[in-house]
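The structure file structure00.csv is reproduced below (CSV, C-alpha atoms (C1' of nucleotides)).
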```
chain,number,residue,atom,x,y,z
A,1,MET,CA,91.4,77.0,50.4
A,2,PRO,CA,93.1,79.6,52.6
A,3,GLU,CA,93.6,78.6,56.2
A,4,ARG,CA,92.2,80.8,58.9
A,5,PRO,CA,95.3,82.0,60.8
A,6,GLN,CA,95.7,79.8,63.9
A,7,PRO,CA,96.7,81.8,67.0
A,8,ALA,CA,99.4,80.2,69.0
A,9,PRO,CA,97.8,78.0,71.6
A,10,LEU,CA,97.9,79.2,75.2
A,11,ARG,CA,97.1,76.7,77.8
A,12,LEU,CA,97.0,78.1,81.3
A,13,ALA,CA,98.4,74.9,82.7
A,14,THR,CA,101.7,75.4,80.9
A,15,PHE,CA,101.9,79.1,81.2
A,16,LEU,CA,104.7,80.0,83.5
A,17,PRO,CA,103.2,83.1,85.1
A,18,PHE,CA,100.0,81.1,85.9
A,19,ARG,CA,101.9,78.1,87.3
A,20,LEU,CA,104.1,80.2,89.4
A,21,SER,CA,101.2,82.1,90.8
A,22,VAL,CA,99.2,79.1,91.7
A,23,LEU,CA,102.2,77.4,93.2
A,24,SER,CA,103.2,80.4,95.2
A,25,ASN,CA,99.7,80.9,96.5
A,26,ALA,CA,99.3,77.3,97.5
A,27,ILE,CA,102.5,77.5,99.5
A,28,SER,CA,101.9,80.9,101.0
A,29,GLN,CA,98.5,79.9,102.2
A,30,ARG,CA,99.8,76.9,103.9
A,31,ILE,CA,102.4,78.9,105.8
A,32,ALA,CA,100.0,81.8,106.4
A,33,GLU,CA,97.7,79.5,108.3
A,34,LEU,CA,100.5,78.8,110.7
A,35,TYR,CA,100.8,82.3,112.0
A,36,ASP,CA,97.3,83.4,111.4
A,37,ARG,CA,95.5,80.6,113.2
A,38,GLU,CA,98.0,80.2,115.9
A,39,PHE,CA,99.0,83.8,116.5
A,40,GLY,CA,96.6,86.1,114.7
A,41,LEU,CA,99.2,87.5,112.4
A,42,SER,CA,98.7,88.4,108.8
A,43,ILE,CA,101.4,87.6,106.3
A,44,TRP,CA,102.4,91.2,106.2
A,45,GLN,CA,102.7,91.4,109.9
A,46,TRP,CA,104.8,88.3,109.9
A,47,ARG,CA,107.1,89.7,107.3
A,48,VAL,CA,107.5,92.9,109.3
A,49,MET,CA,108.4,90.9,112.4
A,50,ALA,CA,110.9,88.9,110.5
A,51,VAL,CA,112.9,91.8,109.2
A,52,THR,CA,112.6,93.7,112.5
A,53,ALA,CA,114.0,90.7,114.3
A,54,ASP,CA,116.7,90.5,111.8
A,55,THR,CA,117.5,94.2,112.0
A,56,PRO,CA,116.3,95.8,115.2
A,57,GLY,CA,115.8,99.6,114.9
A,58,ILE,CA,114.8,99.3,111.2
A,59,SER,CA,112.6,102.0,109.7
A,60,ALA,CA,109.3,101.5,108.0
A,61,THR,CA,110.8,102.5,104.7
A,62,GLU,CA,113.6,100.0,105.0
A,63,ILE,CA,111.0,97.4,105.9
A,64,GLY,CA,109.2,98.1,102.7
A,65,GLN,CA,112.3,97.7,100.7
A,66,ARG,CA,113.3,94.4,102.3
A,67,THR,CA,109.8,92.9,102.1
A,68,GLN,CA,108.6,94.3,98.8
A,69,MET,CA,105.6,95.9,100.7
A,70,ASP,CA,104.4,99.3,99.8
A,71,LYS,CA,104.5,101.9,102.5
A,72,VAL,CA,100.8,101.8,103.2
A,73,ALA,CA,101.0,98.1,103.8
A,74,VAL,CA,104.0,98.6,106.1
A,75,SER,CA,102.2,101.3,108.0
A,76,ARG,CA,99.2,99.2,108.6
A,77,ALA,CA,101.2,96.1,109.6
A,78,VAL,CA,103.2,98.1,112.0
A,79,ALA,CA,100.2,99.7,113.5
A,80,GLY,CA,98.6,96.3,114.1
A,81,LEU,CA,101.7,94.8,115.6
A,82,ILE,CA,102.1,97.8,118.0
A,83,GLU,CA,98.4,97.4,119.0
A,84,MET,CA,99.1,93.7,119.7
A,85,GLY,CA,102.0,94.7,121.8
A,86,TYR,CA,104.6,93.0,119.6
A,87,LEU,CA,106.3,96.0,118.3
A,88,GLU,CA,107.6,99.3,119.7
A,89,ARG,CA,108.2,102.6,118.0
A,90,ARG,CA,111.2,104.6,119.1
A,91,PRO,CA,111.6,108.1,117.8
A,92,SER,CA,114.8,108.5,115.8
A,93,THR,CA,117.0,111.1,117.4
A,94,ASP,CA,118.5,112.4,114.1
A,95,ASP,CA,115.4,112.4,112.0
A,96,ALA,CA,112.0,113.1,113.6
A,97,ARG,CA,110.1,111.7,110.6
A,98,ARG,CA,111.2,108.2,111.0
A,99,SER,CA,110.9,105.8,113.9
A,100,ASN,CA,113.2,103.0,114.8
A,101,LEU,CA,111.2,99.8,115.2
A,102,VAL,CA,112.0,97.0,117.6
A,103,LEU,CA,110.2,94.0,118.7
A,104,THR,CA,109.0,94.0,122.3
A,105,PRO,CA,109.9,91.0,124.5
A,106,ALA,CA,106.4,89.7,123.8
A,107,GLY,CA,107.0,90.1,120.0
A,108,LEU,CA,110.4,88.5,120.2
A,109,GLY,CA,108.8,85.7,122.1
A,110,ILE,CA,106.2,84.8,119.6
A,111,TYR,CA,108.7,85.4,116.8
A,112,GLU,CA,110.8,82.7,118.3
A,113,LEU,CA,107.9,80.4,118.5
A,114,ILE,CA,107.0,81.0,114.8
A,115,VAL,CA,110.4,80.6,113.3
A,116,PRO,CA,110.9,76.9,113.9
A,117,LEU,CA,107.3,76.3,112.7
A,118,ALA,CA,107.9,78.2,109.5
A,119,LEU,CA,111.3,76.7,108.9
A,120,SER,CA,110.0,73.2,109.4
A,121,GLU,CA,107.1,73.8,107.0
A,122,GLU,CA,109.6,75.0,104.5
A,123,ALA,CA,111.8,72.0,105.1
A,124,ARG,CA,108.9,69.7,104.7
A,125,LEU,CA,108.2,71.3,101.4
A,126,VAL,CA,111.7,71.3,99.9
A,127,SER,CA,112.3,67.9,101.1
A,128,ALA,CA,110.5,66.8,98.0
A,129,LEU,CA,113.7,68.0,96.2
A,130,SER,CA,117.2,66.7,96.6
A,131,GLU,CA,119.9,69.0,97.9
A,132,LYS,CA,121.1,69.5,94.4
A,133,GLU,CA,117.6,70.3,93.1
A,134,GLN,CA,117.1,72.8,95.9
A,135,VAL,CA,120.2,74.7,94.9
A,136,GLU,CA,119.3,74.5,91.3
A,137,LEU,CA,115.8,75.8,92.0
A,138,ALA,CA,117.2,78.8,93.9
A,139,ARG,CA,119.5,79.5,91.0
A,140,LEU,CA,116.8,79.4,88.4
A,141,MET,CA,114.5,81.6,90.4
A,142,GLY,CA,117.3,84.1,90.8
A,143,LYS,CA,117.8,84.2,87.0
A,144,LEU,CA,114.0,84.7,86.5
A,145,ALA,CA,113.9,87.4,89.1
A,146,LYS,CA,116.6,89.3,87.4
A,147,ALA,CA,114.8,88.9,84.0
A,148,ALA,CA,111.5,89.9,85.6
A,149,SER,CA,112.8,92.9,87.4
A,150,PRO,CA,116.2,94.0,86.1
A,151,GLU,CA,115.8,97.4,87.6
A,152,ARG,CA,115.7,96.4,91.3
A,153,ASP,CA,116.9,93.4,93.2
A,154,LEU,CA,114.0,91.4,94.4
A,155,TRP,CA,115.8,89.8,97.3
B,1,MET,CA,128.2,81.0,131.4
B,2,PRO,CA,125.1,79.3,129.9
B,3,GLU,CA,124.3,80.4,126.4
B,4,ARG,CA,120.9,81.8,125.6
B,5,PRO,CA,119.4,79.4,123.2
B,6,GLN,CA,119.8,80.8,119.7
B,7,PRO,CA,116.8,80.4,117.5
B,8,ALA,CA,117.5,79.2,114.0
B,9,PRO,CA,118.0,82.2,111.8
B,10,LEU,CA,115.3,83.0,109.3
B,11,ARG,CA,116.2,85.5,106.6
B,12,LEU,CA,113.3,86.4,104.5
B,13,ALA,CA,115.6,86.7,101.5
B,14,THR,CA,116.4,83.0,101.6
B,15,PHE,CA,113.0,81.7,102.7
B,16,LEU,CA,111.4,79.9,99.8
B,17,PRO,CA,107.8,80.9,100.3
B,18,PHE,CA,108.8,84.5,100.4
B,19,ARG,CA,111.0,84.3,97.4
B,20,LEU,CA,108.4,82.5,95.4
B,21,SER,CA,105.7,85.0,96.4
B,22,VAL,CA,107.8,88.0,95.4
B,23,LEU,CA,108.9,86.5,92.2
B,24,SER,CA,105.5,85.4,91.2
B,25,ASN,CA,104.0,88.8,92.0
B,26,ALA,CA,106.7,90.6,90.0
B,27,ILE,CA,105.9,88.4,87.0
B,28,SER,CA,102.2,88.5,87.3
B,29,GLN,CA,102.2,92.2,87.7
B,30,ARG,CA,104.2,92.7,84.5
B,31,ILE,CA,101.8,90.5,82.6
B,32,ALA,CA,98.7,91.9,84.2
B,33,GLU,CA,99.6,95.3,83.0
B,34,LEU,CA,99.5,94.0,79.5
B,35,TYR,CA,95.8,93.1,79.5
B,36,ASP,CA,94.7,95.6,82.1
B,37,ARG,CA,96.2,98.7,80.5
B,38,GLU,CA,95.5,97.7,76.9
B,39,PHE,CA,92.2,95.9,77.3
B,40,GLY,CA,90.8,96.7,80.8
B,41,LEU,CA,90.8,93.1,81.9
B,42,SER,CA,91.6,91.9,85.4
B,43,ILE,CA,93.9,88.9,85.8
B,44,TRP,CA,90.8,86.9,86.8
B,45,GLN,CA,88.9,87.9,83.7
B,46,TRP,CA,91.9,87.0,81.6
B,47,ARG,CA,92.1,83.6,83.1
B,48,VAL,CA,88.4,83.0,82.5
B,49,MET,CA,88.8,84.1,78.8
B,50,ALA,CA,91.8,81.8,78.4
B,51,VAL,CA,90.0,78.6,79.6
B,52,THR,CA,86.8,79.5,77.8
B,53,ALA,CA,88.7,80.0,74.6
B,54,ASP,CA,90.4,76.6,75.2
B,55,THR,CA,87.1,74.9,76.1
B,56,PRO,CA,84.1,76.6,74.7
B,57,GLY,CA,80.9,75.8,76.5
B,58,ILE,CA,82.7,75.4,79.8
B,59,SER,CA,80.7,75.9,83.0
B,60,ALA,CA,81.6,78.4,85.8
B,61,THR,CA,82.4,75.5,88.1
B,62,GLU,CA,84.8,74.0,85.7
B,63,ILE,CA,86.4,77.3,85.1
B,64,GLY,CA,87.0,77.5,88.9
B,65,GLN,CA,88.7,74.1,88.8
B,66,ARG,CA,91.0,74.9,85.9
B,67,THR,CA,92.0,78.3,87.1
B,68,GLN,CA,92.1,77.8,90.9
B,69,MET,CA,89.6,80.6,91.4
B,70,ASP,CA,86.8,80.2,93.9
B,71,LYS,CA,83.3,80.3,92.6
B,72,VAL,CA,82.6,83.9,93.7
B,73,ALA,CA,85.6,85.1,91.8
B,74,VAL,CA,84.5,83.2,88.7
B,75,SER,CA,81.0,84.6,89.0
B,76,ARG,CA,82.3,88.1,89.2
B,77,ALA,CA,84.8,87.7,86.4
B,78,VAL,CA,82.1,86.2,84.2
B,79,ALA,CA,79.7,89.0,85.0
B,80,GLY,CA,82.2,91.6,84.0
B,81,LEU,CA,83.1,89.9,80.8
B,82,ILE,CA,79.5,89.6,79.8
B,83,GLU,CA,79.0,93.2,80.5
B,84,MET,CA,81.9,94.1,78.3
B,85,GLY,CA,80.5,92.0,75.6
B,86,TYR,CA,83.3,89.5,75.5
B,87,LEU,CA,81.4,86.5,76.9
B,88,GLU,CA,78.0,84.9,76.4
B,89,ARG,CA,76.0,82.7,78.7
B,90,ARG,CA,74.0,79.9,77.1
B,91,PRO,CA,71.6,78.0,79.3
B,92,SER,CA,72.4,74.4,79.5
B,93,THR,CA,69.7,72.1,78.1
B,94,ASP,CA,70.3,69.3,80.5
B,95,ASP,CA,70.9,71.2,83.7
B,96,ALA,CA,69.1,74.4,84.3
B,97,ARG,CA,71.5,75.5,87.0
B,98,ARG,CA,74.6,75.7,84.9
B,99,SER,CA,75.3,77.9,81.9
B,100,ASN,CA,77.6,77.1,79.0
B,101,LEU,CA,80.0,79.9,78.5
B,102,VAL,CA,81.5,80.9,75.2
B,103,LEU,CA,83.4,83.9,74.0
B,104,THR,CA,81.6,86.3,71.7
B,105,PRO,CA,83.3,87.2,68.4
B,106,ALA,CA,84.4,90.4,70.1
B,107,GLY,CA,85.8,88.3,73.0
B,108,LEU,CA,87.6,86.0,70.7
B,109,GLY,CA,89.0,89.0,68.9
B,110,ILE,CA,90.7,90.5,71.9
B,111,TYR,CA,91.7,87.1,73.1
B,112,GLU,CA,93.6,86.6,69.9
B,113,LEU,CA,95.2,89.9,70.4
B,114,ILE,CA,96.3,89.2,73.9
B,115,VAL,CA,97.7,85.7,73.4
B,116,PRO,CA,100.7,86.6,71.3
B,117,LEU,CA,101.5,89.5,73.8
B,118,ALA,CA,101.3,87.2,76.8
B,119,LEU,CA,103.3,84.4,75.1
B,120,SER,CA,106.0,86.8,74.0
B,121,GLU,CA,106.3,88.3,77.4
B,122,GLU,CA,106.6,84.8,78.8
B,123,ALA,CA,109.2,84.0,76.1
B,124,ARG,CA,111.1,87.1,77.0
B,125,LEU,CA,111.2,86.0,80.6
B,126,VAL,CA,112.2,82.4,80.2
B,127,SER,CA,114.7,83.3,77.6
B,128,ALA,CA,116.9,84.0,80.6
B,129,LEU,CA,117.1,80.3,80.9
B,130,SER,CA,118.4,77.7,78.6
B,131,GLU,CA,116.1,75.1,77.1
B,132,LYS,CA,117.3,72.6,79.6
B,133,GLU,CA,116.9,74.9,82.5
B,134,GLN,CA,113.3,75.7,81.4
B,135,VAL,CA,112.5,72.0,81.5
B,136,GLU,CA,114.2,71.6,84.8
B,137,LEU,CA,112.3,74.5,86.3
B,138,ALA,CA,109.0,73.1,85.2
B,139,ARG,CA,110.0,69.7,86.7
B,140,LEU,CA,111.0,71.2,90.0
B,141,MET,CA,107.9,73.3,90.2
B,142,GLY,CA,105.8,70.2,89.6
B,143,LYS,CA,107.5,68.4,92.5
B,144,LEU,CA,106.9,71.3,94.8
B,145,ALA,CA,103.3,71.6,93.7
B,146,LYS,CA,102.8,68.0,94.6
B,147,ALA,CA,104.4,68.5,98.0
B,148,ALA,CA,102.5,71.7,98.7
B,149,SER,CA,99.1,70.3,97.7
B,150,PRO,CA,99.1,66.5,97.6
B,151,GLU,CA,95.3,66.4,97.7
B,152,ARG,CA,94.5,68.1,94.5
B,153,ASP,CA,96.5,68.6,91.3
B,154,LEU,CA,97.3,72.3,90.9
B,155,TRP,CA,97.6,72.2,87.2
C,1,DA,C1',117.5,132.2,105.9
C,2,DA,C1',113.3,131.5,103.1
C,3,DA,C1',111.2,129.1,99.4
C,4,DA,C1',110.9,124.9,96.8
C,5,DG,C1',111.4,120.3,96.7
C,6,DA,C1',112.0,115.7,98.6
C,7,DT,C1',111.1,112.2,102.1
C,8,DA,C1',108.8,109.4,106.1
C,9,DG,C1',104.7,108.0,107.3
C,10,DT,C1',99.5,108.3,108.0
C,11,DT,C1',94.8,108.9,106.5
C,12,DT,C1',91.0,108.8,103.3
C,13,DC,C1',88.4,107.0,99.8
C,14,DA,C1',87.1,103.9,96.4
C,15,DT,C1',87.5,99.2,94.9
C,16,DA,C1',88.7,94.2,95.4
C,17,DT,C1',88.2,90.2,97.8
C,18,DG,C1',86.6,86.3,100.9
C,19,DT,C1',83.1,84.2,103.9
C,20,DA,C1',78.7,83.1,104.7
C,21,DA,C1',74.0,83.2,103.5
C,22,DC,C1',70.9,82.6,99.9
C,23,DT,C1',68.0,80.9,95.5
C,24,DA,C1',67.1,77.7,92.3
C,25,DA,C1',67.7,73.3,90.3
C,26,DT,C1',69.1,68.4,90.7
C,27,DT,C1',70.1,64.1,92.9
C,28,DT,C1',69.7,60.7,96.6
C,29,DC,C1',67.3,57.6,99.2
C,30,DG,C1',63.7,56.0,102.4
D,1,DC,C1',57.0,59.6,94.9
D,2,DG,C1',58.6,63.1,98.2
D,3,DA,C1',61.6,64.9,101.8
D,4,DA,C1',66.5,65.6,102.6
D,5,DA,C1',70.8,66.5,100.9
D,6,DT,C1',73.8,68.2,97.1
D,7,DT,C1',75.2,71.3,93.6
D,8,DA,C1',75.5,75.7,90.4
D,9,DG,C1',75.8,80.1,90.9
D,10,DT,C1',74.6,84.9,92.9
D,11,DT,C1',74.1,88.3,96.5
D,12,DA,C1',75.3,90.7,100.9
D,13,DC,C1',78.3,92.0,104.1
D,14,DA,C1',82.5,92.8,106.3
D,15,DT,C1',87.4,93.3,105.7
D,16,DA,C1',91.7,94.0,102.8
D,17,DT,C1',94.0,96.6,99.6
D,18,DG,C1',95.9,100.4,96.6
D,19,DA,C1',96.1,105.1,94.9
D,20,DA,C1',96.1,109.6,96.0
D,21,DA,C1',96.0,113.3,99.2
D,22,DC,C1',97.8,114.9,103.3
D,23,DT,C1',101.0,116.2,107.5
D,24,DA,C1',105.3,116.8,109.3
D,25,DT,C1',110.1,117.0,108.8
D,26,DC,C1',114.3,117.4,106.4
D,27,DT,C1',117.3,118.9,102.3
D,28,DT,C1',118.5,121.8,98.6
D,29,DT,C1',118.7,126.0,96.3
D,30,DT,C1',119.4,130.6,95.9
```

Render the structure in this file as structure tokens.
Amino acid sequence: MPERPQPAPLRLATFLPFRLSVLSNAISQRIAELYDREFGLSIWQWRVMAVTADTPGISATEIGQRTQMDKVAVSRAVAGLIEMGYLERRPSTDDARRSNLVLTPAGLGIYELIVPLALSEEARLVSALSEKEQVELARLMGKLAKAASPERDLW
Amino acid sequence: MPERPQPAPLRLATFLPFRLSVLSNAISQRIAELYDREFGLSIWQWRVMAVTADTPGISATEIGQRTQMDKVAVSRAVAGLIEMGYLERRPSTDDARRSNLVLTPAGLGIYELIVPLALSEEARLVSALSEKEQVELARLMGKLAKAASPERDLW
DNA sequence: AAAAGATAGTTTCATATGTAACTAATTTCG
DNA sequence: CGAAATTAGTTACATATGAAACTATCTTTT
């Protein structure tokens, strides 16, 4: 009696894209609560702050590249931060289309409040892993990132 | 001259929650294209199909637990799948509030088309890692998941 | 130097998503 | 038993998001 062809089984719980997505969301949500509840920032706004603190005078386009946000998302996050008084737009002298973005003193202030919170939450999380495991995880993620997006560097 | 207190540096590119999020999104998007472009399914609909194929007669609530989707998302995904003719709702005999969900033959048909595509995309991806590394990655992710969400099992 | 094309960023519009309120059925407990 | 509380699932509303169109500026080409 001929067997009906059995499709390869697919269990969501062992399917890497699913596991990664669930894990990532669980972690992001935890951290997002930190700056949302305490400071009213969205995850996108926080990312914009982070790269702007790191590179004052950065342009919106560069922010997009560094954060993997599309330009609409950047535009909206920037607008929100300006409205809150955390970010300032300075017209670029050599290209009138772009602005140089910098944190205001207020923006820098709350940035400096958030950083230790975010870092300690990260530390709490990775403390489940040994030093060696942390390094290994970063390495494996790097390999995956390259396989997933060979065209452009994700980080 | 007193030093201004230097905040601990936070570079997005080395911040685990960010890296995980970007990696996960890059991968999910690649896979999502597969069933969206080819079959018009959203990622949520695909997840519902996957668990329903795995456990015919499952309820919406159970689907939510297995896929980490909230009940509204499940409700919408189910409604869409029914409209497309891929899913069928059977009233439960012992509890009139719940329905037992099953794939229709059409649903099962496209499910069986998608599975090998999804699996081979996953295989392509993880082939960047050795067998050993794959096992290690799964183990590390499991540890992180427990640290991130000790209350409930993510998988 | 003018036209065509590219780039920075915003706005618009249609769709997706999350929260809260709701309906209907079931369970709990006085 | 019957009121109160719980649970399954849907609906409504407000907000978030993404794609495409748009404005303004800059670059390239001829």

Q: Compute the set of chain A residues within 10 Å of chain C, using only C-alpha atoms (C1' of nucleotides), and express it as a PyMOL selection string.
A: chain A and resi 59-61+71-72+74-76+95-99

Both chains have the same sequence, so match all Cα atoms in order, fit chain A onto chain B by least squares, and return it as a CSV table (one decimal) with C-alpha atoms, keeping the file's coordinate frame.
```csv
chain,number,residue,atom,x,y,z
A,1,MET,CA,128.0,80.4,131.5
A,2,PRO,CA,124.9,78.9,129.9
A,3,GLU,CA,124.1,80.1,126.4
A,4,ARG,CA,120.8,81.6,125.7
A,5,PRO,CA,119.2,79.2,123.2
A,6,GLN,CA,119.7,80.7,119.7
A,7,PRO,CA,116.6,80.4,117.5
A,8,ALA,CA,117.4,79.2,114.0
A,9,PRO,CA,118.0,82.2,111.9
A,10,LEU,CA,115.3,83.1,109.3
A,11,ARG,CA,116.2,85.5,106.7
A,12,LEU,CA,113.3,86.5,104.4
A,13,ALA,CA,115.6,86.7,101.5
A,14,THR,CA,116.4,83.0,101.6
A,15,PHE,CA,113.0,81.8,102.6
A,16,LEU,CA,111.4,79.9,99.8
A,17,PRO,CA,107.8,80.9,100.3
A,18,PHE,CA,108.8,84.6,100.4
A,19,ARG,CA,111.0,84.4,97.3
A,20,LEU,CA,108.5,82.6,95.4
A,21,SER,CA,105.8,85.0,96.3
A,22,VAL,CA,107.8,88.0,95.4
A,23,LEU,CA,108.9,86.5,92.2
A,24,SER,CA,105.5,85.4,91.2
A,25,ASN,CA,104.1,88.8,92.0
A,26,ALA,CA,106.7,90.6,90.0
A,27,ILE,CA,106.0,88.5,87.0
A,28,SER,CA,102.2,88.5,87.3
A,29,GLN,CA,102.2,92.3,87.6
A,30,ARG,CA,104.2,92.7,84.5
A,31,ILE,CA,101.8,90.5,82.5
A,32,ALA,CA,98.7,91.9,84.2
A,33,GLU,CA,99.6,95.3,82.9
A,34,LEU,CA,99.4,94.0,79.4
A,35,TYR,CA,95.8,93.1,79.5
A,36,ASP,CA,94.7,95.7,82.0
A,37,ARG,CA,96.1,98.7,80.3
A,38,GLU,CA,95.5,97.7,76.9
A,39,PHE,CA,92.2,95.9,77.2
A,40,GLY,CA,90.7,96.7,80.7
A,41,LEU,CA,90.8,93.1,81.8
A,42,SER,CA,91.7,92.0,85.3
A,43,ILE,CA,93.8,88.9,85.8
A,44,TRP,CA,90.8,86.9,86.7
A,45,GLN,CA,88.9,87.9,83.6
A,46,TRP,CA,91.9,87.0,81.5
A,47,ARG,CA,92.1,83.6,83.1
A,48,VAL,CA,88.4,83.0,82.5
A,49,MET,CA,88.8,84.0,78.8
A,50,ALA,CA,91.8,81.7,78.4
A,51,VAL,CA,90.0,78.6,79.6
A,52,THR,CA,86.8,79.5,77.8
A,53,ALA,CA,88.7,79.8,74.6
A,54,ASP,CA,90.4,76.6,75.3
A,55,THR,CA,87.1,74.8,76.1
A,56,PRO,CA,84.1,76.6,74.7
A,57,GLY,CA,80.8,75.8,76.6
A,58,ILE,CA,82.7,75.4,79.9
A,59,SER,CA,80.8,76.0,83.1
A,60,ALA,CA,81.7,78.4,85.8
A,61,THR,CA,82.5,75.5,88.2
A,62,GLU,CA,84.8,74.0,85.7
A,63,ILE,CA,86.4,77.4,85.2
A,64,GLY,CA,87.1,77.6,88.9
A,65,GLN,CA,88.7,74.2,88.9
A,66,ARG,CA,91.0,74.9,86.0
A,67,THR,CA,92.0,78.4,87.2
A,68,GLN,CA,92.2,77.8,90.9
A,69,MET,CA,89.6,80.6,91.4
A,70,ASP,CA,86.9,80.3,93.9
A,71,LYS,CA,83.3,80.5,92.6
A,72,VAL,CA,82.7,84.0,93.8
A,73,ALA,CA,85.7,85.2,91.8
A,74,VAL,CA,84.5,83.2,88.8
A,75,SER,CA,81.1,84.7,89.1
A,76,ARG,CA,82.3,88.2,89.2
A,77,ALA,CA,84.8,87.7,86.3
A,78,VAL,CA,82.1,86.2,84.2
A,79,ALA,CA,79.7,89.0,85.0
A,80,GLY,CA,82.2,91.6,84.0
A,81,LEU,CA,83.2,89.9,80.8
A,82,ILE,CA,79.5,89.5,79.8
A,83,GLU,CA,79.0,93.3,80.5
A,84,MET,CA,82.0,94.0,78.3
A,85,GLY,CA,80.4,91.9,75.6
A,86,TYR,CA,83.2,89.3,75.5
A,87,LEU,CA,81.4,86.5,76.9
A,88,GLU,CA,78.0,84.8,76.4
A,89,ARG,CA,75.9,82.7,78.7
A,90,ARG,CA,74.0,79.9,77.2
A,91,PRO,CA,71.6,78.0,79.3
A,92,SER,CA,72.5,74.3,79.6
A,93,THR,CA,69.7,72.2,78.2
A,94,ASP,CA,70.2,69.2,80.7
A,95,ASP,CA,70.9,71.2,83.8
A,96,ALA,CA,69.2,74.6,84.4
A,97,ARG,CA,71.6,75.6,87.1
A,98,ARG,CA,74.6,75.8,85.0
A,99,SER,CA,75.3,77.8,81.9
A,100,ASN,CA,77.6,77.0,79.1
A,101,LEU,CA,80.0,79.9,78.5
A,102,VAL,CA,81.5,80.9,75.2
A,103,LEU,CA,83.4,83.8,74.0
A,104,THR,CA,81.6,86.2,71.7
A,105,PRO,CA,83.3,87.1,68.4
A,106,ALA,CA,84.4,90.3,70.1
A,107,GLY,CA,85.9,88.3,73.0
A,108,LEU,CA,87.5,85.8,70.7
A,109,GLY,CA,89.0,88.8,68.9
A,110,ILE,CA,90.6,90.4,71.8
A,111,TYR,CA,91.7,87.0,73.1
A,112,GLU,CA,93.6,86.5,69.9
A,113,LEU,CA,95.2,89.8,70.3
A,114,ILE,CA,96.3,89.1,73.9
A,115,VAL,CA,97.7,85.7,73.4
A,116,PRO,CA,100.7,86.6,71.3
A,117,LEU,CA,101.4,89.5,73.7
A,118,ALA,CA,101.3,87.2,76.7
A,119,LEU,CA,103.3,84.4,75.1
A,120,SER,CA,106.0,86.8,74.0
A,121,GLU,CA,106.2,88.3,77.5
A,122,GLU,CA,106.6,84.8,78.8
A,123,ALA,CA,109.2,84.0,76.2
A,124,ARG,CA,111.1,87.1,77.0
A,125,LEU,CA,111.2,86.0,80.5
A,126,VAL,CA,112.2,82.4,80.1
A,127,SER,CA,114.7,83.4,77.6
A,128,ALA,CA,116.9,84.1,80.6
A,129,LEU,CA,117.1,80.3,81.0
A,130,SER,CA,118.4,77.8,78.6
A,131,GLU,CA,116.1,75.2,77.1
A,132,LYS,CA,117.4,72.7,79.5
A,133,GLU,CA,116.9,75.0,82.5
A,134,GLN,CA,113.4,75.7,81.4
A,135,VAL,CA,112.5,72.1,81.5
A,136,GLU,CA,114.2,71.6,84.7
A,137,LEU,CA,112.4,74.6,86.3
A,138,ALA,CA,109.0,73.1,85.2
A,139,ARG,CA,110.0,69.8,86.7
A,140,LEU,CA,111.0,71.3,90.0
A,141,MET,CA,107.9,73.4,90.3
A,142,GLY,CA,105.8,70.3,89.6
A,143,LYS,CA,107.5,68.4,92.5
A,144,LEU,CA,106.9,71.4,94.8
A,145,ALA,CA,103.3,71.7,93.8
A,146,LYS,CA,102.7,68.1,94.6
A,147,ALA,CA,104.5,68.5,98.0
A,148,ALA,CA,102.5,71.7,98.6
A,149,SER,CA,99.2,70.3,97.7
A,150,PRO,CA,99.2,66.5,97.5
A,151,GLU,CA,95.4,66.4,97.8
A,152,ARG,CA,94.6,68.2,94.5
A,153,ASP,CA,96.5,68.7,91.3
A,154,LEU,CA,97.4,72.3,90.9
A,155,TRP,CA,97.6,72.3,87.1
```

Q. Please, which residues of chain D lie no more than 8 Å from chain B when the count uses only C-alpha atoms (C1' of nucleotides), and can they be set out as a list in words?
A. DA8, DG9 and DT10 of chain D

Select from chain A every residue with an atom at most 6 Å from any atom of chain B, then for each give the shortest pair of atoms and their distance in Å to one decimal, using all atoms listed in the file, rows by chain and rising number, as a tab-separated table.
```
residue	atom	partner	partner_atom	distance
A:Ala13	CA	B:Trp155	CA	5.3
A:Pro17	CA	B:Ser28	CA	5.9
A:Leu20	CA	B:Ser24	CA	5.7
A:Ser21	CA	B:Ser24	CA	5.4
A:Leu23	CA	B:Ala145	CA	5.9
A:Ser24	CA	B:Ser21	CA	5.4
A:Ile27	CA	B:Ala148	CA	5.9
A:Ser28	CA	B:Pro17	CA	5.9
A:Leu125	CA	B:Ala147	CA	5.8
A:Ala145	CA	B:Leu23	CA	6.0
A:Ala147	CA	B:Leu125	CA	5.7
A:Ala148	CA	B:Ile27	CA	6.0
A:Trp155	CA	B:Ala13	CA	5.2
```

Q. B:Leu108, B:Leu34, B:Leu117, B:Met49: which is nearest Leu81 of chain B, counting all atoms listed in the file?
A. B:Met49

Q.
Between atom CA of Glu88 of chain A and atom CA of Thr52 of chain A, what distance in Å does the model show, to one decimal?
A.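 Interatomic distance, atom CA of Glu88 of chain A to atom CA of Thr52 of chain A: 10.4 Å.
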
Q | Å distance separating atom CA of Leu101 of chain A from atom C1' of DA24 of chain D, one decimal place | A | 18.9 Å

Q | For atom CA of Gly64 of chain A and atom CA of Ala77 of chain A, the interatomic separation in Å (one decimal) | A | 10.8 Å

Q | Nearest to DT25 of chain D, chosen from A:Arg152, A:Asp94, A:Ile110, A:Lys132, with only C-alpha atoms (C1' of nucleotides) counted in the distances | A |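 Checking each of A:Arg152, A:Asp94, A:Ile110, A:Lys132 against DT25 of chain D, counting only C-alpha atoms (C1' of nucleotides), the winner is A:Asp94.
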